[in-house]
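The structure appears below as structure tokens.
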Amino acid sequence: MNVISIIIPTYNESENIENIINAIEEVFSIDMINGELVIVDDNSPDGTATIAERMKKRYDNIKVIVRTSDRGLSQSVVEGFDHCDSDTIGVIDCDFSHPPEQIPLFLEKIENGCDVVFGTRYASEGEIKGWGAKRKLISTGATFLARLLIPKSTDPVSGFFVIDRSVVKDVVLRPRGYKIGLEILGKGNWSKYCEIPYVFQDREMGSSKLGKREIYEYILQLFDIFMYKIR
Ligand SMILES: Nc1nc2c(ncn2[C@@H]2O[C@H](COP(=O)(O)OP(=O)(O)O)[C@@H](O)[C@H]2O)c(=O)[nH]1
Ligand SMILES: [Mg+2]
């Protein structure tokens with residue numbers, strides 16, 4: 001059985017998908033990790049899923065899930081959970097913003113008893129590279145608000161995290177927008193929180209899909225988690 005399943009949510013990532021699969025497979029191979037990749041694509045018009053399917057010829061540990069309704073990053077990650085066959089589940093972006101070579105560190109923390117391990121850009125040694133002032137401001141504001149709900153975390157809106165499956169077992173999540181990690185921290189069953197600093201590197205290929213809708217959904221999500229916690 002695999003020790004870790006890594007979910008990669010994708011939308012129009014034809015320029016990145018092959019490289020990220022190769023990069024994670026190399027990490028698995030170097031660190032002798034028995035892992036699998038679960039690519040969850042929202043039927044990208046640029047053919048991302050077809051490229052991922054083709055990669056199955058090279059690797060036997062890849063699953064490709066194509067969704068055709070209710071497009072969304074968070075929805076894709078939650079659907080991915082059902083296709084993961086490991087008890088340890090990770091999430092990583094397709095665009096190399098998150099360093100795949102740090103995956104073994106996340107796994108080690110889980111093996112040492114952490115329930116959730118979040119990559120953080122806002123602790124010592126963590127950093128964001130490549131974003132303009134506007135995007136940095138949005139992220140700082142979003143992180144500030146989320147930290148009021150999850151004070152233990154320096155980066156509760158991080159998209160780079162690994163969890164033990166038990167954290168989300170029988171938990172009713174309300175996936176929407178971009179911040180599925182925050183939803184899991186807000187509603188999941190975890191006690192030992194751990195984090196690992198990483199350097200976020202803005203993408204070089206393809207474009208961000210963050211828009212006004214995701215920001216609006218984020219505000220609703222914060223309110224929903226707040227109500228959940230006081231209940
Ligand atoms: N399945 C799926 N993946 C998405 C969607 N939107 C974004 N993603 C993926 O989520 C990851 C982060 O998205 P990105 O646009 O780079 O966000 P940013 O880094 O915050 O600007 C990337 O792997 C995207 O391909 C979506 O609607 N559905
Ligand atoms: Mg990105």
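Chain labels follow the order of the structure tokens: the first chain is A, the next B, and so on; residue numbering restarts at 1 in every chain, and ligands are counted from 1 in their shown order.
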Requested in this report: Would you kindly return, as a list in words, each protein, DNA or RNA residue with an atom no farther than 8 Å from any atom of Asp93 in chain A, considering only C-alpha atoms and excluding same-chain residues fewer than 4 positions away?
Outcome: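 That gives Ile8, Pro9, Thr10, Ser97, His98, Gly159 and Phe160 of chain A.
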Within 6 Å of ligand 1, which residues of chain A show up? Give each one with its shortest atom-to-atom distance in Å (one decimal) and the two atoms involved, counting only C-alpha atoms and all ligand atoms, rows by chain then rising residue number, as a Markdown table.
| residue | atom | partner | partner_atom_place_in_ligand_line | distance |
| --- | --- | --- | --- | --- |
| A:Pro9 | CA | ligand 1 | 3 (N) | 4.1 |
| A:Thr10 | CA | ligand 1 | 25 (O) | 3.5 |
| A:Tyr11 | CA | ligand 1 | 25 (O) | 4.0 |
| A:Glu13 | CA | ligand 1 | 25 (O) | 5.5 |
| A:Val40 | CA | ligand 1 | 1 (N) | 5.3 |
| A:Asp41 | CA | ligand 1 | 1 (N) | 4.3 |
| A:Asp42 | CA | ligand 1 | 1 (N) | 4.5 |
| A:Arg71 | CA | ligand 1 | 27 (O) | 4.9 |
| A:Gly72 | CA | ligand 1 | 27 (O) | 3.4 |
| A:Leu73 | CA | ligand 1 | 26 (C) | 3.9 |
| A:Ser76 | CA | ligand 1 | 1 (N) | 4.9 |
| A:Asp93 | CA | ligand 1 | 23 (O) | 3.8 |
| A:Cys94 | CA | ligand 1 | 23 (O) | 3.7 |
| A:Asp95 | CA | ligand 1 | 23 (O) | 5.6 |
| A:Ser208 | CA | ligand 1 | 15 (O) | 3.3 |
| A:Lys209 | CA | ligand 1 | 15 (O) | 3.6 |
| A:Leu210 | CA | ligand 1 | 15 (O) | 5.3 |
Selected residues written out, C-alpha atoms, as a PDB file, in the first residue's frame:
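Output contents, as saved in result.pdb:
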ATOM      1  CA  PRO A   9      -5.785  19.986  -8.448  1.00  0.00           C
ATOM      2  CA  THR A  10      -5.454  21.249 -11.997  1.00  0.00           C
ATOM      3  CA  TYR A  11      -7.150  23.684 -14.302  1.00  0.00           C
ATOM      4  CA  GLU A  13      -1.991  23.396 -16.474  1.00  0.00           C
ATOM      5  CA  VAL A  40      -8.002  16.063 -10.162  1.00  0.00           C
ATOM      6  CA  ASP A  41      -8.721  18.095 -13.259  1.00  0.00           C
ATOM      7  CA  ASP A  42     -11.817  20.163 -13.942  1.00  0.00           C
ATOM      8  CA  ARG A  71     -15.680  23.462 -11.012  1.00  0.00           C
ATOM      9  CA  GLY A  72     -13.455  24.510  -8.156  1.00  0.00           C
ATOM     10  CA  LEU A  73     -10.125  23.951  -6.488  1.00  0.00           C
ATOM     11  CA  SER A  76     -11.562  18.988  -6.572  1.00  0.00           C
ATOM     12  CA  ASP A  93      -0.258  23.060  -6.620  1.00  0.00           C
ATOM     13  CA  CYS A  94       0.635  22.085 -10.158  1.00  0.00           C
ATOM     14  CA  ASP A  95       2.551  25.265 -10.951  1.00  0.00           C
ATOM     15  CA  SER A 208      -3.412  32.153 -11.875  1.00  0.00           C
ATOM     16  CA  LYS A 209      -7.113  31.356 -11.666  1.00  0.00           C
ATOM     17  CA  LEU A 210      -7.721  33.438  -8.548  1.00  0.00           C
TER      18      LEU A 210
END
Query - Gly186 in chain A surroundings by only C-alpha atoms, 10 Å radius, close-in-sequence under 6 positions cut, as a ChimeraX atom specification - result: /A:146,149-150,156,173,180,221-222,224-226,228-229
Requested in this report: Would you please work out which residue, of A:Glu25, A:Asp70, A:Glu18, A:Asp31, is nearest to Glu53 in chain A when using only C-alpha atoms?
Outcome: A:Glu18
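Backbone DSSP of range 75-104 of chain A yields alpha helix (DSSP H) at Gln75, Ser76, Val77, Val78, Glu79, Gly80, Phe81, Ile103 and Pro104 of chain A.
Computed from the coordinates, the CA of Arg165 in chain A to CA of Ser29 in chain A distance equals 23.3 Å.
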Query - Residue nearest ligand 2 - candidates A:Asn189, A:Thr48, A:Ser158, A:Ser86, atoms counted: only C-alpha atoms and all ligand atoms - result: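 Smallest distance to ligand 2 is found for A:Ser158.
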Contacts of range 95-174 of chain A with range 200-207 of chain A up to 8 Å, shortest pair per row, only C-alpha atoms, as CSV:
residue,atom,partner,partner_atom,distance
A:Asp95,CA,A:Arg203,CA,5.5
A:Phe96,CA,A:Arg203,CA,6.3
A:Ser97,CA,A:Gln201,CA,4.5
A:His98,CA,A:Phe200,CA,5.8
A:Pro99,CA,A:Phe200,CA,7.7
A:Arg121,CA,A:Phe200,CA,6.5
A:Gly126,CA,A:Phe200,CA,7.7
A:Glu127,CA,A:Phe200,CA,6.0
A:Ile128,CA,A:Phe200,CA,4.6
A:Lys129,CA,A:Gln201,CA,4.9
A:Gly130,CA,A:Asp202,CA,5.0
A:Trp131,CA,A:Asp202,CA,6.2
Report task. For Val117 in chain A, work out the shell of residues within 12 Å, counting only C-alpha atoms and skipping chain neighbours fewer than 4 positions away, then give it as a PyMOL selection string. Result -> chain A and resi 88-91+102-113+152-156+158-164+167+181+184-185+190-197
Report task. Counting only C-alpha atoms and all ligand atoms, figure out which residue out of A:Gln75, A:Asn12, A:Thr143, A:Ser166 gets nearest to ligand 2. Result -> A:Asn12
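Nearest to ligand 2 of all the residues A:Ile6, A:Ile92, A:Val38, A:Ile51 is A:Ile92, counting only C-alpha atoms and all ligand atoms.
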